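Undergrad: coords17.txt is the file, holding compact mmCIF, C-alpha atoms and all ligand atoms:
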```txt
# COMPACT_ATOMS: atom_id res chain seq x y z
CA VAL F 1 0.00 0.00 0.00
CA GLY F 2 3.05 2.24 0.04
CA ALA F 3 4.16 4.76 2.60
CA TRP F 4 1.81 7.20 4.25
CA ARG F 5 1.95 10.79 3.08
CA TRP F 6 0.46 13.34 5.44
CA GLU F 7 -0.29 17.03 5.63
CA LEU F 8 -2.09 19.42 7.94
CA LEU F 9 -5.44 20.79 6.79
CA ARG F 10 -6.59 24.07 8.30
CA ASP F 11 -10.31 24.25 8.98
CA GLY F 12 -10.06 27.79 10.36
CA THR F 13 -8.74 29.89 13.20
CA GLY F 14 -10.09 31.24 16.46
CA ARG F 15 -9.16 33.54 19.36
CA PHE F 16 -9.52 32.70 23.02
CA PRO F 17 -8.41 34.13 26.39
CA PRO F 18 -5.22 32.43 27.65
CA GLY F 19 -7.10 31.36 30.76
CA VAL F 20 -9.41 29.20 28.67
CA LEU F 21 -6.91 27.37 26.51
CA VAL F 22 -3.37 27.73 27.75
CA CYS F 23 -3.14 28.29 31.47
CA ALA F 24 -6.49 27.74 33.13
CA GLY F 25 -6.58 28.68 36.79
CA VAL F 26 -3.33 30.67 36.63
CA PRO F 27 -3.57 34.41 37.43
CA ASP F 28 -2.94 36.57 34.34
CA ALA F 29 0.00 38.33 36.01
CA GLU F 30 1.70 35.00 36.56
CA ALA F 31 0.88 33.65 33.09
CA ALA F 32 1.73 36.82 31.14
CA PRO F 33 5.56 36.57 31.06
CA ALA F 34 5.49 33.13 29.45
CA LEU F 35 2.97 34.29 26.87
CA ALA F 36 4.74 37.54 26.00
CA GLY F 37 4.29 38.32 22.34
CA GLY F 38 1.64 35.67 21.92
CA VAL F 39 -1.28 37.75 23.09
CA ASP F 40 -2.99 40.34 20.86
CA ALA F 41 -4.23 43.84 21.76
CA ASP F 42 -7.46 42.34 23.12
CA GLY F 43 -5.53 39.98 25.39
CA LEU F 44 -6.46 36.97 23.26
CA ILE F 45 -4.43 34.15 21.76
CA SER F 46 -5.04 33.18 18.14
CA PHE F 47 -4.88 29.55 17.21
CA PRO F 48 -5.77 27.31 14.27
CA TYR F 49 -8.09 24.34 13.98
CA ASP F 50 -5.90 21.83 12.16
CA CYS F 51 -6.67 18.30 11.01
CA VAL F 52 -4.39 15.66 9.53
CA LEU F 53 -4.95 14.23 6.06
CA ALA F 54 -3.01 10.99 5.59
CA ARG F 55 -2.96 9.07 2.34
CA ASN F 56 -1.47 5.97 0.80
CA SER F 57 -2.47 4.10 -2.33
CA GLU F 58 -5.53 2.55 -0.63
CA GLU F 59 -6.68 4.89 2.13
CA VAL F 60 -7.60 8.52 2.62
CA VAL F 61 -7.63 9.14 6.35
CA LEU F 62 -8.77 12.30 8.05
CA ALA F 63 -7.86 12.76 11.72
CA ASP F 64 -10.34 15.22 13.28
CA THR F 65 -12.66 17.54 11.39
CA GLY F 66 -12.23 21.03 12.87
CA ALA F 67 -14.87 23.39 14.17
CA GLY F 68 -17.17 23.59 11.17
CA GLY F 69 -15.10 25.97 9.05
CA ARG F 70 -13.63 25.54 5.58
CA LEU F 71 -12.61 21.91 5.86
CA GLU F 72 -14.01 20.96 2.45
CA GLY F 73 -12.07 23.83 0.88
CA ALA F 74 -8.91 22.63 2.60
CA LEU F 75 -9.59 19.09 1.33
CA ALA F 76 -10.09 20.42 -2.20
CA ASP F 77 -6.80 22.33 -1.96
CA ALA F 78 -5.19 18.98 -1.11
CA GLY F 79 -6.83 17.31 -4.10
CA ALA F 80 -9.41 15.31 -2.19
CA THR F 81 -13.17 15.36 -1.71
CA ALA F 82 -15.30 14.37 1.27
CA ASP F 83 -16.45 11.29 -0.67
CA ASP F 84 -12.83 10.15 -1.06
CA VAL F 85 -12.30 9.82 2.68
CA THR F 86 -12.17 6.15 3.69
CA THR F 87 -11.50 6.60 7.42
CA VAL F 88 -12.20 9.42 9.84
CA VAL F 89 -10.33 9.17 13.15
CA LEU F 90 -11.72 11.27 15.99
CA THR F 91 -9.08 11.90 18.65
CA HIS F 92 -11.73 13.15 21.06
CA LEU F 93 -15.20 14.61 20.86
CA HIS F 94 -14.65 18.30 21.62
CA ALA F 95 -16.51 20.82 19.46
CA GLY F 96 -13.35 21.96 17.63
CA HIS F 97 -12.72 18.42 16.40
CA ILE F 98 -16.18 17.19 15.43
CA GLY F 99 -17.49 20.37 13.77
CA GLY F 100 -17.00 19.08 10.24
CA LEU F 101 -18.69 15.70 10.63
CA VAL F 102 -22.23 16.62 9.67
CA VAL F 103 -23.67 18.92 7.03
CA ASP F 104 -27.43 19.57 6.80
CA GLY F 105 -27.99 16.83 9.35
CA ALA F 106 -26.23 14.16 7.28
CA PRO F 107 -22.73 12.67 7.50
CA ARG F 108 -20.26 14.68 5.45
CA PHE F 109 -18.03 11.63 4.93
CA PRO F 110 -20.59 8.98 3.92
CA ASN F 111 -18.01 6.48 2.65
CA ALA F 112 -15.80 6.58 5.72
CA ARG F 113 -15.74 4.43 8.78
CA HIS F 114 -15.58 6.80 11.75
CA VAL F 115 -13.13 5.45 14.28
CA VAL F 116 -13.83 6.70 17.81
CA PRO F 117 -12.17 5.65 21.10
CA ALA F 118 -14.85 3.71 22.99
CA VAL F 119 -14.10 5.42 26.32
CA GLU F 120 -14.52 8.83 24.73
CA TRP F 121 -17.77 7.86 23.04
CA SER F 122 -19.32 6.54 26.23
CA PHE F 123 -18.22 9.62 28.23
CA TRP F 124 -20.11 11.92 25.87
CA THR F 125 -23.10 9.76 25.02
CA GLY F 126 -23.60 7.89 28.28
CA GLY F 127 -24.40 10.81 30.58
CA ALA F 128 -21.03 11.13 32.35
CA ALA F 129 -20.23 14.43 30.62
CA VAL F 130 -23.36 16.17 31.88
CA GLY F 131 -22.37 18.78 34.46
CA ARG F 132 -18.65 18.21 33.88
CA VAL F 133 -18.35 20.04 30.58
CA PRO F 134 -19.77 23.28 29.20
CA ASP F 135 -23.29 22.92 27.79
CA ALA F 136 -22.12 24.11 24.37
CA MET F 137 -19.67 21.21 24.11
CA LEU F 138 -22.36 18.72 24.99
CA ALA F 139 -24.69 20.32 22.45
CA ALA F 140 -22.01 19.94 19.76
CA THR F 141 -21.85 16.19 20.36
CA GLU F 142 -25.65 15.93 20.35
CA HIS F 143 -25.63 17.58 16.93
CA ALA F 144 -22.76 15.66 15.36
CA LEU F 145 -22.90 12.12 16.69
CA PRO F 146 -26.46 10.81 16.17
CA PRO F 147 -26.38 11.13 12.34
CA LEU F 148 -23.20 9.02 12.30
CA SER F 149 -24.77 6.38 14.55
CA ARG F 150 -27.94 6.24 12.49
CA ALA F 151 -25.91 5.76 9.32
CA GLY F 152 -23.96 2.90 10.93
CA LEU F 153 -20.65 4.66 10.36
CA VAL F 154 -19.27 4.58 13.91
CA GLU F 155 -16.59 2.06 14.81
CA LEU F 156 -15.70 2.14 18.51
CA VAL F 157 -12.15 1.05 19.21
CA ASP F 158 -9.65 0.50 21.99
CA ASP F 159 -7.38 3.46 22.78
CA ALA F 160 -4.36 1.59 21.42
CA ALA F 161 -6.06 0.21 18.33
CA GLN F 162 -4.33 -0.46 15.05
CA VAL F 163 -6.61 1.45 12.67
CA ALA F 164 -4.81 0.46 9.47
CA PRO F 165 -1.35 -0.86 8.61
CA GLY F 166 1.10 1.75 9.92
CA LEU F 167 -1.65 3.77 11.61
CA ARG F 168 -2.34 3.28 15.26
CA LEU F 169 -3.79 5.04 18.26
CA LEU F 170 -2.01 5.82 21.52
CA PRO F 171 -3.89 6.55 24.75
CA ALA F 172 -3.84 10.29 25.58
CA PRO F 173 -6.37 10.75 28.40
CA GLY F 174 -6.66 13.74 30.71
CA HIS F 175 -7.67 16.57 28.38
CA SER F 176 -10.73 14.41 27.78
CA PRO F 177 -11.25 10.96 29.34
CA GLY F 178 -10.81 8.96 26.14
CA GLN F 179 -8.57 11.16 24.01
CA VAL F 180 -6.08 9.38 21.76
CA ALA F 181 -3.01 10.45 19.81
CA VAL F 182 -2.41 9.08 16.33
CA GLU F 183 0.87 7.51 15.24
CA LEU F 184 1.53 7.26 11.54
CA GLY F 185 4.34 5.29 9.96
CA GLY F 186 7.66 4.35 11.54
CA GLY F 187 10.23 6.49 13.28
CA ASP F 188 10.25 8.92 10.35
CA GLY F 189 6.46 9.26 10.53
CA LEU F 190 4.15 11.53 12.46
CA LEU F 191 2.79 11.65 15.97
CA PHE F 192 -0.42 13.67 15.97
CA LEU F 193 -0.89 14.87 19.54
CA ALA F 194 -4.41 16.30 19.08
CA ASP F 195 -5.01 18.41 22.22
CA ALA F 196 -2.41 16.73 24.43
CA VAL F 197 -0.60 20.03 23.91
CA ILE F 198 -2.47 23.11 22.75
CA HIS F 199 0.25 25.78 22.92
CA PRO F 200 4.07 25.68 22.70
CA LEU F 201 4.12 26.65 26.39
CA HIS F 202 2.72 23.21 27.23
CA PHE F 203 5.95 21.50 26.15
CA ALA F 204 7.79 23.36 28.91
CA ARG F 205 4.97 23.62 31.43
CA LEU F 206 3.45 20.17 31.53
CA ASP F 207 1.14 21.23 34.35
CA ARG F 208 -0.56 24.07 32.45
CA GLY F 209 -3.83 23.21 30.79
CA THR F 210 -7.20 24.26 29.49
CA ALA F 211 -10.45 24.96 31.28
CA ALA F 212 -11.90 21.89 29.54
CA ASP F 213 -9.40 19.32 30.89
CA THR F 214 -11.22 16.58 32.77
CA ASP F 215 -8.18 15.38 34.75
CA ARG F 216 -5.13 17.67 34.94
CA ARG F 217 -2.82 15.12 36.59
CA GLN F 218 -3.68 12.50 34.01
CA MET F 219 -3.13 15.06 31.26
CA ARG F 220 0.31 15.88 32.63
CA ALA F 221 1.28 12.20 32.67
CA THR F 222 -0.01 11.80 29.10
CA ARG F 223 2.08 14.76 27.93
CA GLU F 224 5.20 13.49 29.58
CA ARG F 225 4.81 10.03 28.05
CA LEU F 226 4.03 11.20 24.50
CA LEU F 227 6.60 13.99 24.37
CA ALA F 228 9.33 11.73 25.79
CA ARG F 229 8.57 9.21 23.06
CA ALA F 230 8.66 11.83 20.31
CA ALA F 231 11.90 13.33 21.67
CA ALA F 232 13.59 9.94 21.93
CA GLU F 233 12.60 8.93 18.40
CA GLY F 234 13.23 12.34 16.85
CA ARG F 235 9.74 11.91 15.44
CA ARG F 236 7.79 14.71 13.81
CA VAL F 237 4.82 15.90 15.82
CA ALA F 238 1.75 17.95 15.04
CA ALA F 239 -1.21 18.98 17.15
CA SER F 240 -4.60 20.53 16.52
CA HIS F 241 -3.78 24.09 17.53
CA LEU F 242 0.00 24.57 17.12
CA TRP F 243 0.19 26.33 13.68
CA ALA F 244 3.01 24.06 12.47
CA SER F 245 4.40 20.57 12.75
CA GLY F 246 7.81 20.22 14.33
CA ARG F 247 10.00 18.20 16.62
CA VAL F 248 10.37 17.81 20.35
CA GLU F 249 13.58 18.31 22.30
CA ARG F 250 14.27 17.70 25.95
CA GLU F 251 14.91 20.88 27.93
CA GLY F 252 15.58 20.71 31.63
CA LEU F 253 12.91 18.59 33.26
CA ALA F 254 10.50 19.12 30.40
CA PHE F 255 10.56 19.73 26.65
CA ARG F 256 10.75 22.32 23.91
CA PHE F 257 8.80 22.52 20.66
CA VAL F 258 10.93 23.16 17.57
CA PRO F 259 8.58 24.12 14.71
CA ASP F 260 9.41 23.02 11.17
CA GLY F 261 10.64 25.64 8.72
ZN ZN F 301 -10.03 19.33 23.05
```
Could I get this file's structure written as structure tokens?
Ligand SMILES: [Zn+2]
TA:
Amino acid sequence: VGAWRWELLRDGTGRFPPGVLVCAGVPDAEAAPALAGGVDADGLISFPYDCVLARNSEEVVLADTGAGGRLEGALADAGATADDVTTVVLTHLHAGHIGGLVVDGAPRFPNARHVVPAVEWSFWTGGAAVGRVPDAMLAATEHALPPLSRAGLVELVDDAAQVAPGLRLLPAPGHSPGQVAVELGGGDGLLFLADAVIHPLHFARLDRGTAADTDRRQMRATRERLLARAAAEGRRVAASHLWASGRVEREGLAFRFVPDG
């Protein structure tokens, strides 16, 4: 089936207060020095909604679907259509990752199996999320997931599942209970970290997180494990909101993100 080729697709961009996405629970005065230069005149941080398109001679895989922006345009720019997609992998079920799944109440990727970590699916659909997450996030799942279920497109998998040859999931819980990372190819391949890190600061400050994290300690352990692996292998990494792919280096007791280019 040949080697995997991958690229980042940009669904859109957004702006959020640092306290929502980068350093929840940290006073602004304490967070500001580390974010210097990264905050605009309104005190907000801009970030992209990126997805991964991975292709070989048999499969067209899309990891995450953005927030409901220009995903189809980004696919077209890459020479693909929604109908071409054979597998959608959902790293977790937050609104900025499932926004492109449904259009006019119908699945946008009708020919794709939709691979979802079983723990993540049951958290959002089994009642456990109620009261633990913002209402808007729950509403996003209630909009996006039922059409996929009705169409029989959902494939629930283990958090370390082999999705296809050379494409496997790695457990990445903490940001959300069933989040997974996606590993593509061998040591020269990609590790897609999804929201295990959201900002370059998170490579150095493993304890800093978002207001949406369900378990901060678990998230920290996930980061340490995944970043250590990427640093040891010299593997390329990408994430949903980092602007660029890059590599991970050890720095002190933590890590540093070295963007490509
Ligand atoms: Zn998320």
Undergrad: One decimal, in Å: what's the spacing between atom CA of Ala136 of chain F and atom CA of His94 of chain F?
TA: 9.9 Å
Undergrad: From the list F:Ala204, F:Leu167, F:Ile198, F:Leu53, which residue is nearest ligand ZN 301 (chain F) when using only C-alpha atoms and all ligand atoms?
TA: F:Ile198
Undergrad: Could the residues that lie within 7 Å of ligand ZN 301 (chain F), counting only C-alpha atoms and all ligand atoms, be listed as a list in words?
TA: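 Answer in the requested format: His92, His94, Gly96, His175, Ser176 and Asp195 of chain F.
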Undergrad: For a quick check of understanding, using all atoms listed in the file, which of F:Ile45, F:Leu148, F:Val102, F:Ala254 has the smallest distance to Pro18 of chain F?
TA: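 Looking only at the distances to Pro18 of chain F, the closest residue turns out to be F:Ile45.
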Undergrad: What does the distance from atom CA of Pro173 of chain F to atom CA of Ala194 of chain F come to in Å, to one decimal?
TA: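 The value is 11.0 Å.
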Undergrad: Box for segment 97-101 of chain F - axis-aligned, 4 Å on each of the six sides, all listed atoms - centre and size in Å to one decimal, as lines of an AutoDock Vina configuration file.
TA:
```
center_x = -15.7
center_y = 18.0
center_z = 13.3
size_x = 14.0
size_y = 12.7
size_z = 14.2
```
Undergrad: Between F:Ala164, F:Phe192, F:Gly14, F:Leu138, which has the minimum distance to Thr86 of chain F (counting only C-alpha atoms)?
TA: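 Once distances to Thr86 of chain F are computed over only C-alpha atoms, the minimum belongs to F:Ala164.
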Undergrad: Taking only C-alpha atoms into account, name the residue in F:Ala244, F:Ala239, F:Val89, F:Leu35 that is nearest to Leu153 of chain F.
TA: F:Val89
Undergrad: Point out the residue among F:Leu253, F:Ala112, F:Ala181, F:Val248 with the least atom-to-atom distance to Arg205 of chain F, counting all atoms listed in the file.
TA: F:Leu253
Undergrad: Any idea what the distance is between atom CA of Ala74 of chain F and atom CA of Phe257 of chain F?
TA: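 For atom CA of Ala74 of chain F relative to atom CA of Phe257 of chain F, the distance reads 25.3 Å.
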Undergrad: What's around Asp135 of chain F at 12 Å? Count all atoms listed in the file, leave out sequence neighbours fewer than 6 positions away in its own chain, and write the answer as a compact mmCIF listing (two decimals) with C-alpha atoms, keeping the file's coordinate frame.
TA:
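Ended up saving to out-v9.txt:
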```txt
# COMPACT_ATOMS: atom_id res chain seq x y z
CA HIS F 94 -14.65 18.30 21.62
CA ALA F 95 -16.51 20.82 19.46
CA TRP F 124 -20.11 11.92 25.87
CA ALA F 129 -20.23 14.43 30.62
CA THR F 141 -21.85 16.19 20.36
CA GLU F 142 -25.65 15.93 20.35
CA ALA F 212 -11.90 21.89 29.54
```
Undergrad: Nearest to Trp243 of chain F among F:Arg168, F:His143, F:Arg70, F:His199, with distances taken over all atoms listed in the file: which residue is it?
TA: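 Among F:Arg168, F:His143, F:Arg70, F:His199, it is F:His199 that comes nearest to Trp243 of chain F.
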